[in-house]
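Trainee: This is the content of protein-v7.txt (compact mmCIF, C-alpha atoms):
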# COMPACT_ATOMS: atom_id res chain seq x y z
CA MET Q 54 112.36 114.42 134.37
CA ASN Q 55 113.49 114.78 130.74
CA PRO Q 56 110.31 114.35 128.65
CA LEU Q 57 112.19 111.96 126.37
CA THR Q 58 113.46 109.76 129.20
CA LEU Q 59 110.75 107.19 128.76
CA ILE Q 60 111.41 106.78 125.03
CA ASP Q 61 115.19 106.96 125.13
CA PRO Q 62 115.52 103.14 125.25
CA ALA Q 63 113.68 103.12 121.93
CA CYS Q 64 116.18 105.53 120.37
CA VAL Q 65 118.01 102.48 119.03
CA PRO Q 66 116.92 99.91 116.46
CA ASP Q 67 114.84 96.94 117.63
CA ASP Q 68 117.76 94.97 116.15
CA PRO Q 69 120.89 97.11 116.75
CA GLY Q 70 122.84 95.28 114.05
CA ARG Q 71 120.54 96.17 111.18
CA ILE Q 72 120.40 99.97 110.96
CA SER Q 73 123.52 102.10 110.87
CA GLU Q 74 123.72 104.97 113.34
CA PRO Q 75 123.21 108.36 111.64
CA VAL Q 76 126.45 110.15 110.76
CA HIS Q 77 126.90 113.92 111.03
CA VAL Q 78 128.58 115.16 107.84
CA GLY Q 79 129.57 118.77 108.31
CA GLY Q 80 130.56 119.35 104.69
CA PRO Q 81 131.73 117.70 101.48
CA ASP Q 82 134.73 116.19 103.29
CA GLY Q 83 132.52 113.81 105.26
CA PRO Q 84 133.39 111.69 107.28
CA TRP Q 85 132.32 109.46 104.34
CA HIS Q 86 134.29 106.42 105.53
CA ARG Q 87 131.56 105.87 108.13
CA VAL Q 88 128.94 105.80 105.37
CA ARG Q 89 130.98 103.21 103.46
CA GLU Q 90 131.42 101.20 106.65
CA GLY Q 91 127.66 101.23 107.33
CA MET Q 92 126.96 100.06 103.79
CA ARG Q 93 129.55 97.31 104.07
CA LEU Q 94 128.36 96.02 107.44
CA ARG Q 95 124.59 96.60 107.30
CA GLY Q 96 123.72 97.56 103.77
CA ASN Q 97 122.42 101.00 104.79
CA ALA Q 98 123.61 104.40 105.96
CA VAL Q 99 122.00 107.61 107.22
CA VAL Q 100 123.66 111.04 107.22
CA PHE Q 101 122.54 114.41 108.52
CA ALA Q 102 123.78 117.98 108.28
CA THR Q 103 122.55 121.54 108.53
CA TRP Q 104 122.16 123.45 105.30
CA GLY Q 105 124.26 126.28 106.75
CA GLU Q 106 127.25 123.94 107.11
CA TRP Q 107 127.13 123.14 103.39
CA LEU Q 108 126.17 126.54 102.02
CA GLY Q 109 129.65 128.06 101.86
CA PRO Q 110 131.29 125.10 100.09
CA ALA Q 111 128.28 124.81 97.76
CA LEU Q 112 128.36 128.40 96.58
CA THR Q 113 132.13 128.58 96.16
CA ASP Q 114 132.54 125.24 94.36
CA PRO Q 115 133.43 125.96 90.71
CA GLY Q 116 131.99 122.54 89.84
CA LEU Q 117 128.54 123.30 91.26
CA ARG Q 118 126.77 123.18 87.91
CA PRO Q 119 127.93 119.66 86.94
CA LEU Q 120 127.37 118.50 90.51
CA LEU Q 121 123.73 119.60 90.38
CA GLY Q 122 123.22 118.20 86.91
CA ARG Q 123 119.52 118.27 86.00
CA ASP Q 124 118.79 120.31 89.13
CA TRP Q 125 120.89 123.24 87.96
CA GLN Q 126 118.07 124.97 86.10
CA ARG Q 127 115.68 124.54 89.01
CA TYR Q 128 118.28 126.00 91.33
CA ARG Q 129 118.79 129.01 89.06
CA ARG Q 130 115.04 129.61 88.59
CA THR Q 131 114.24 129.62 92.33
CA ALA Q 132 113.71 133.26 93.24
CA ASP Q 133 113.59 133.03 97.05
CA PRO Q 134 117.22 132.94 98.28
CA LEU Q 135 116.40 130.89 101.38
CA VAL Q 136 114.52 128.26 99.37
CA ARG Q 137 117.28 128.23 96.74
CA PHE Q 138 120.05 127.73 99.31
CA ARG Q 139 118.19 124.94 101.08
CA PHE Q 140 117.52 123.26 97.75
CA VAL Q 141 121.13 123.27 96.61
CA THR Q 142 122.52 122.05 99.93
CA SER Q 143 119.96 119.24 100.27
CA ARG Q 144 120.80 117.99 96.77
CA LEU Q 145 124.52 118.10 97.43
CA VAL Q 146 124.18 116.19 100.70
CA THR Q 147 122.08 113.59 98.88
CA LYS Q 148 124.57 113.21 96.03
CA PHE Q 149 127.64 113.04 98.27
CA ALA Q 150 125.96 110.49 100.56
CA ALA Q 151 124.96 108.30 97.60
CA ALA Q 152 128.43 108.66 96.10
CA ALA Q 153 130.05 107.47 99.33
CA ALA Q 154 127.66 104.51 99.48
CA LEU Q 155 128.45 103.60 95.87
CA ASP Q 156 132.18 104.34 96.02
CA ALA Q 157 131.67 106.80 93.17
CA GLU Q 158 132.15 110.48 92.45
CA ALA Q 159 129.17 112.72 93.24
CA GLY Q 160 129.31 114.32 89.80
CA GLU Q 161 128.93 110.90 88.15
CA LEU Q 162 125.46 110.34 89.64
CA ASP Q 163 122.24 111.42 87.96
CA LEU Q 164 119.67 112.37 90.58
CA ALA Q 165 116.08 112.18 89.33
CA TYR Q 166 112.63 112.22 90.91
CA LYS Q 167 109.61 109.96 90.90
CA ILE Q 168 106.03 111.17 90.84
CA GLY Q 169 105.53 112.83 94.22
CA GLY Q 170 109.15 114.03 94.40
CA ARG Q 171 110.95 111.00 95.86
CA PRO Q 172 114.57 111.09 94.64
CA TYR Q 173 116.28 108.16 92.96
CA LEU Q 174 119.52 107.51 91.10
CA ARG Q 175 118.92 107.07 87.42
CA GLY Q 176 120.30 103.73 86.23
CA LEU Q 177 121.13 102.52 89.76
CA ASP Q 178 117.95 100.83 90.93
CA GLN Q 179 119.85 98.55 93.32
CA VAL Q 180 120.21 101.47 95.74
CA ASP Q 181 117.25 103.24 97.39
CA ILE Q 182 117.52 106.74 98.85
CA SER Q 183 115.31 108.92 101.03
CA LEU Q 184 115.61 112.64 101.75
CA THR Q 185 113.99 114.69 104.50
CA HIS Q 186 114.48 118.16 105.95
CA THR Q 187 113.08 120.23 108.78
CA ASP Q 188 114.16 123.68 109.96
CA ASP Q 189 117.90 123.75 109.16
CA LEU Q 190 118.39 119.96 109.25
CA ILE Q 191 118.85 117.73 106.20
CA ALA Q 192 118.87 113.92 106.54
CA VAL Q 193 119.48 111.31 103.85
CA GLY Q 194 119.11 107.53 104.01
CA VAL Q 195 120.74 105.08 101.56
CA SER Q 196 120.12 101.31 101.38
CA ARG Q 197 121.11 98.43 99.12
CA ASN Q 198 118.91 95.88 100.94
CA GLY Q 199 115.48 97.28 100.05
CA ARG Q 200 113.39 100.37 100.66
CA ILE Q 201 114.43 103.05 103.14
CA GLY Q 202 112.58 106.02 104.59
CA VAL Q 203 113.80 108.79 106.89
CA ASP Q 204 111.94 111.53 108.73
CA ALA Q 205 113.11 114.27 111.07
CA GLU Q 206 111.39 116.69 113.44
CA PRO Q 207 112.57 119.17 116.08
CA ALA Q 208 112.67 117.28 119.37
CA ASP Q 209 110.82 120.11 121.11
CA ARG Q 210 107.96 120.20 118.58
CA SER Q 211 104.70 120.60 120.48
CA MET Q 212 102.21 117.81 119.79
CA SER Q 213 98.87 117.73 121.60
CA PHE Q 214 97.83 114.19 122.43
CA ASP Q 215 94.23 115.26 122.98
CA LEU Q 216 94.02 116.88 119.53
CA LEU Q 217 96.06 114.40 117.50
CA HIS Q 218 95.68 110.92 118.94
CA GLY Q 219 92.62 110.22 116.81
CA HIS Q 220 94.63 110.96 113.66
CA VAL Q 221 97.96 109.42 114.66
CA CYS Q 222 97.46 106.59 117.15
CA THR Q 223 96.12 103.07 116.87
CA PRO Q 224 93.98 101.85 119.79
CA ALA Q 225 97.00 99.98 121.16
CA GLU Q 226 99.23 103.06 120.99
CA ARG Q 227 96.59 105.22 122.62
CA ALA Q 228 96.26 102.71 125.46
CA GLU Q 229 100.03 102.85 126.07
CA LEU Q 230 100.35 106.63 125.89
CA GLU Q 231 97.19 107.74 127.69
CA PRO Q 232 98.32 106.91 131.27
CA LEU Q 233 101.62 108.81 130.91
CA PRO Q 234 102.31 112.34 132.20
CA GLU Q 235 101.57 115.00 129.61
CA ALA Q 236 105.20 115.76 128.65
CA GLN Q 237 106.10 112.09 128.22
CA ARG Q 238 102.90 111.49 126.28
CA ALA Q 239 103.75 114.33 123.87
CA ALA Q 240 107.31 113.04 123.42
CA GLY Q 241 106.02 109.54 122.74
CA LEU Q 242 103.55 110.89 120.21
CA LEU Q 243 106.30 112.79 118.39
CA ARG Q 244 108.42 109.65 118.14
CA LEU Q 245 105.47 107.69 116.74
CA TRP Q 246 104.83 110.46 114.21
CA THR Q 247 108.40 110.36 112.87
CA LEU Q 248 108.40 106.55 112.69
CA LYS Q 249 105.14 106.55 110.76
CA GLU Q 250 106.38 109.24 108.40
CA ALA Q 251 109.57 107.24 107.77
CA TYR Q 252 107.63 104.02 107.10
CA THR Q 253 105.11 105.57 104.72
CA LYS Q 254 107.93 107.33 102.84
CA ALA Q 255 109.77 104.02 102.52
CA ILE Q 256 106.76 102.28 100.96
CA GLY Q 257 105.98 105.28 98.77
CA GLN Q 258 102.62 106.14 100.31
CA GLY Q 259 103.29 109.32 102.28
CA LEU Q 260 100.18 110.61 104.01
CA ARG Q 261 97.96 108.51 101.74
CA LEU Q 262 98.25 105.66 104.25
CA GLY Q 263 96.37 106.54 107.42
CA PHE Q 264 98.55 106.63 110.52
CA THR Q 265 95.89 104.77 112.54
CA GLU Q 266 96.17 101.75 110.21
CA PHE Q 267 99.54 100.59 111.61
CA GLY Q 268 101.50 101.21 114.76
CA PHE Q 269 104.57 100.80 116.93
CA GLY Q 270 105.16 99.98 120.57
CA VAL Q 271 105.95 102.91 122.83
CA GLY Q 272 109.10 101.13 124.02
CA SER Q 273 110.03 99.24 120.85
CA GLY Q 274 110.33 99.80 117.12
CA GLY Q 275 108.53 96.78 115.67
CA LEU Q 276 105.70 97.22 113.18
CA LEU Q 277 102.33 96.44 114.77
CA ALA Q 278 98.72 96.04 113.68
CA PRO Q 279 96.15 98.48 115.17
CA ASP Q 280 95.35 95.99 117.96
CA GLY Q 281 99.04 95.71 118.93
CA ARG Q 282 99.84 92.38 117.28
CA PRO Q 283 103.07 92.03 115.24
CA ALA Q 284 102.49 93.06 111.63
CA SER Q 285 105.74 91.91 110.01
CA ARG Q 286 108.03 88.89 110.08
CA GLY Q 287 111.22 90.79 110.66
CA GLU Q 288 111.63 92.21 107.18
CA TRP Q 289 111.24 95.76 108.55
CA THR Q 290 113.56 97.41 111.04
CA PHE Q 291 113.05 100.82 112.67
CA ALA Q 292 115.12 103.21 114.75
CA THR Q 293 114.85 106.68 116.27
CA HIS Q 294 117.94 108.75 117.06
CA ARG Q 295 118.78 112.17 118.47
CA ALA Q 296 120.70 114.49 116.16
CA LEU Q 297 122.60 117.62 117.18
CA GLY Q 298 120.81 117.47 120.53
CA ARG Q 299 117.68 119.10 119.12
CA TYR Q 300 116.21 116.81 116.45
CA LEU Q 301 114.73 113.34 116.21
CA ILE Q 302 115.55 111.25 113.14
CA SER Q 303 113.55 108.09 112.52
CA VAL Q 304 114.54 105.45 109.98
CA ALA Q 305 112.54 102.62 108.39
CA CYS Q 306 114.56 99.94 106.60
CA HIS Q 307 113.18 97.05 104.56
CA ASP Q 308 115.15 93.86 103.92
CA ALA Q 309 113.95 92.39 100.64
CA GLY Q 310 115.62 89.08 101.47
CA LEU Q 311 117.70 89.09 98.32
CA ASP Q 312 121.33 88.03 98.12
CA THR Q 313 122.50 91.55 97.41
CA ALA Q 314 126.12 92.13 96.48
CA ARG Q 315 128.16 93.99 99.03
CA ASP Q 316 129.96 95.71 96.17
CA THR Q 317 127.74 98.52 94.92
CA ALA Q 318 130.42 100.47 93.07
CA PRO Q 319 129.01 101.23 89.61
CA HIS Q 320 132.25 100.20 87.85
CA THR Q 321 132.71 96.83 89.63
CA MET Q 322 129.33 95.54 90.80
CA LEU Q 323 128.39 93.64 87.63
CA ASP Q 324 128.99 89.92 88.10
CA GLU Q 325 131.85 88.73 85.86
CA GLY Q 326 130.24 85.34 85.26
CA PHE Q 327 126.99 86.97 84.18
CA MET Q 328 128.78 89.38 81.87
CA GLY Q 329 130.77 86.46 80.40
CA ALA Q 330 127.57 84.59 79.65
CA VAL Q 331 126.06 87.66 77.98
CA THR Q 332 129.19 88.10 75.90
CA ASP Q 333 129.05 84.47 74.74
CA LEU Q 334 125.40 84.83 73.74
CA LEU Q 335 126.10 87.98 71.77
CA ALA Q 336 129.18 86.60 70.04
CA PRO Q 337 128.70 85.98 66.30
Could you express the structure from this file as structure tokens?
Mentor:
Amino acid sequence: MNPLTLIDPACVPDDPGRISEPVHVGGPDGPWHRVREGMRLRGNAVVFATWGEWLGPALTDPGLRPLLGRDWQRYRRTADPLVRFRFVTSRLVTKFAAAAALDAEAGELDLAYKIGGRPYLRGLDQVDISLTHTDDLIAVGVSRNGRIGVDAEPADRSMSFDLLHGHVCTPAERAELEPLPEAQRAAGLLRLWTLKEAYTKAIGQGLRLGFTEFGFGVGSGGLLAPDGRPASRGEWTFATHRALGRYLISVACHDAGLDTARDTAPHTMLDEGFMGAVTDLLAP
């Protein structure tokens, strides 16, 4: 039996209409229309790529310096070629994904970083972004509805339930996983790990929030208290997907409940009525 068989039904959102399916973007040409479609329909999008796919276009693009913007100097100062190449490709994937979501040009966006390294778009607080990478995979999440977090791991990563359950699992999760065969138990633990990483990234806590303080069902993606009771009122949605046949990508999306505009293009998203009122107030 495939060790992921038991968790495959959970490799979809607990509400399929709320998280866009991750899109493989093999280079700067996209397909970015699927990102725009996800933003239009659900207010979020997730893309993934390998850094090798983007390396050639990145290094031969004469506009690389303006595309990187503030990251150019960091790119040039990085001595290790492998680290430098991964850095440049991850930033380009992030910028191109955000540009597609905003209906903008990648070079127009100013990518900056919060304390702890979380990227954000300077001057565009209405859009949240999350970046993760593992091995040769890069994944980026974009949302206009609230916070978003993404995490990725190799699907064959070895995780010992006996060694890790005390650090990763709530009592309810342990009770669900413990009776399973070893391979299925390890696969279930890996899925929980990626979901918890995605959630803590979305709320800006990282590993500062203990993984035993919140949980998920083995066969569902809802946020649970340590004893297995529901811990949210539907404002959070989660999903786990396969990527390239060898990775798991988990996504945590928050819906802030605001009446967010579907138009997030920087040049058109300002409300005309609001701008008219401001103009009237400022008029002499």
Trainee: How far is it from CA of Glu90 in chain Q to CA of Ala159 in chain Q, in Å with one decimal?
Mentor: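 Distance reported for this atom pair: 17.8 Å.
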Trainee: Closest to Pro283 in chain Q among Q:Gly109, Q:Lys254, Q:Gly268, Q:Arg87, using only C-alpha atoms?
Mentor: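 That would be Q:Gly268, the residue with the smallest distance to Pro283 in chain Q.
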Trainee: Please determine, counting all atoms listed in the file, which residue among Q:Val203, Q:Leu108, Q:Ala239, Q:Cys306 has the shortest atom-to-atom distance to Asp215 in chain Q.
Mentor: Q:Ala239
Trainee: Smallest atom-to-atom distance to Gly281 in chain Q: which of Q:Arg261, Q:Arg227, Q:Lys249, Q:Lys148, using all atoms listed in the file?
Mentor: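 Between Q:Arg261, Q:Arg227, Q:Lys249, Q:Lys148, the residue approaching Gly281 in chain Q most closely is Q:Arg227.
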Trainee: Ranking Q:Ile302, Q:Ala154, Q:Leu245, Q:Ala236 by minimum distance to Glu206 in chain Q and counting all atoms listed in the file, which one comes first?
Mentor: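 Smallest separation from Glu206 in chain Q among the options: Q:Ile302.
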Trainee: Kindly assemble as a tab-separated table a list of the range 166-219 of chain Q residues that lie within 12 Å of range 292-296 of chain Q, each paired with its nearest atom pair and their distance in Å to one decimal, using all atoms listed in the file, sorted first by chain and then by ascending residue number.
Mentor:
residue	atom	partner	partner_atom	distance
Q:Asp189	CA	Q:Ala296	CA	11.9
Q:Leu190	CA	Q:Ala296	CA	9.1
Q:Ile191	CA	Q:Ala296	CA	10.6
Q:Ala192	CA	Q:Ala296	CA	9.8
Q:Ile201	CA	Q:Ala292	CA	11.6
Q:Gly202	CA	Q:Ala292	CA	10.8
Q:Val203	CA	Q:Thr293	CA	9.7
Q:Asp204	CA	Q:Thr293	CA	9.4
Q:Ala205	CA	Q:Ala296	CA	9.1
Q:Glu206	CA	Q:Ala296	CA	9.9
Q:Pro207	CA	Q:Ala296	CA	9.4
Q:Ala208	CA	Q:Arg295	CA	8.0
Q:Asp209	CA	Q:Arg295	CA	11.5
Trainee: Within 7 Å of Val88 in chain Q, counting all atoms listed in the file, which residues show up once you throw out same-chain ones fewer than 2 positions away? Write them as an MDAnalysis selection string, please.
Mentor: chainID Q and resid 85:86 90:92 98 153:154
Trainee: At a cut-off of 9 Å from (124.3, 115.2, 97.6) in the coordinates of the file, what residues are picked up using only C-alpha atoms, written as a list in words?
Mentor: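 Here the neighbourhood of the point contains Pro81, Leu120, Leu121, Val141, Thr142, Ser143, Arg144, Leu145, Val146, Thr147, Lys148, Phe149, Ala150, Ala151, Ala152, Ala159, Leu164 and Val193 of chain Q.
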Trainee: Fewer than 4 positions away in the same chain doesn't count, so skip those; otherwise give me all residues within 9 Å of Gly287 in chain Q, counting all atoms listed in the file, as a PyMOL selection string.
Mentor: chain Q and resi 275-276+307-308
Trainee: May I have the residues from that selection written out with C-alpha atoms, as a PDB file, keeping the file's coordinate frame?
Mentor:
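Okay, out-v8.pdb is ready:
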ATOM      1  CA  GLY Q 275     108.530  96.780 115.670  1.00  0.00           C
ATOM      2  CA  LEU Q 276     105.700  97.220 113.180  1.00  0.00           C
ATOM      3  CA  HIS Q 307     113.180  97.050 104.560  1.00  0.00           C
ATOM      4  CA  ASP Q 308     115.150  93.860 103.920  1.00  0.00           C
TER       5      ASP Q 308
END
Trainee: Only C-alpha atoms, please: range 248-261 of chain Q from the block, as a PDB file, in the first residue's frame.
Mentor:
ATOM      1  CA  LEU Q 248       0.370  21.957   8.084  1.00  0.00           C
ATOM      2  CA  LYS Q 249       1.707  23.209  11.407  1.00  0.00           C
ATOM      3  CA  GLU Q 250       4.642  24.911   9.736  1.00  0.00           C
ATOM      4  CA  ALA Q 251       2.275  26.618   7.281  1.00  0.00           C
ATOM      5  CA  TYR Q 252      -0.050  27.797  10.064  1.00  0.00           C
ATOM      6  CA  THR Q 253       2.688  29.178  12.308  1.00  0.00           C
ATOM      7  CA  LYS Q 254       4.257  30.965   9.318  1.00  0.00           C
ATOM      8  CA  ALA Q 255       0.887  32.504   8.475  1.00  0.00           C
ATOM      9  CA  ILE Q 256       0.451  33.927  11.981  1.00  0.00           C
ATOM     10  CA  GLY Q 257       4.075  35.038  12.154  1.00  0.00           C
ATOM     11  CA  GLN Q 258       5.146  32.746  14.983  1.00  0.00           C
ATOM     12  CA  GLY Q 259       7.322  30.131  13.289  1.00  0.00           C
ATOM     13  CA  LEU Q 260       8.668  27.589  15.753  1.00  0.00           C
ATOM     14  CA  ARG Q 261       7.940  29.921  18.674  1.00  0.00           C
TER      15      ARG Q 261
END
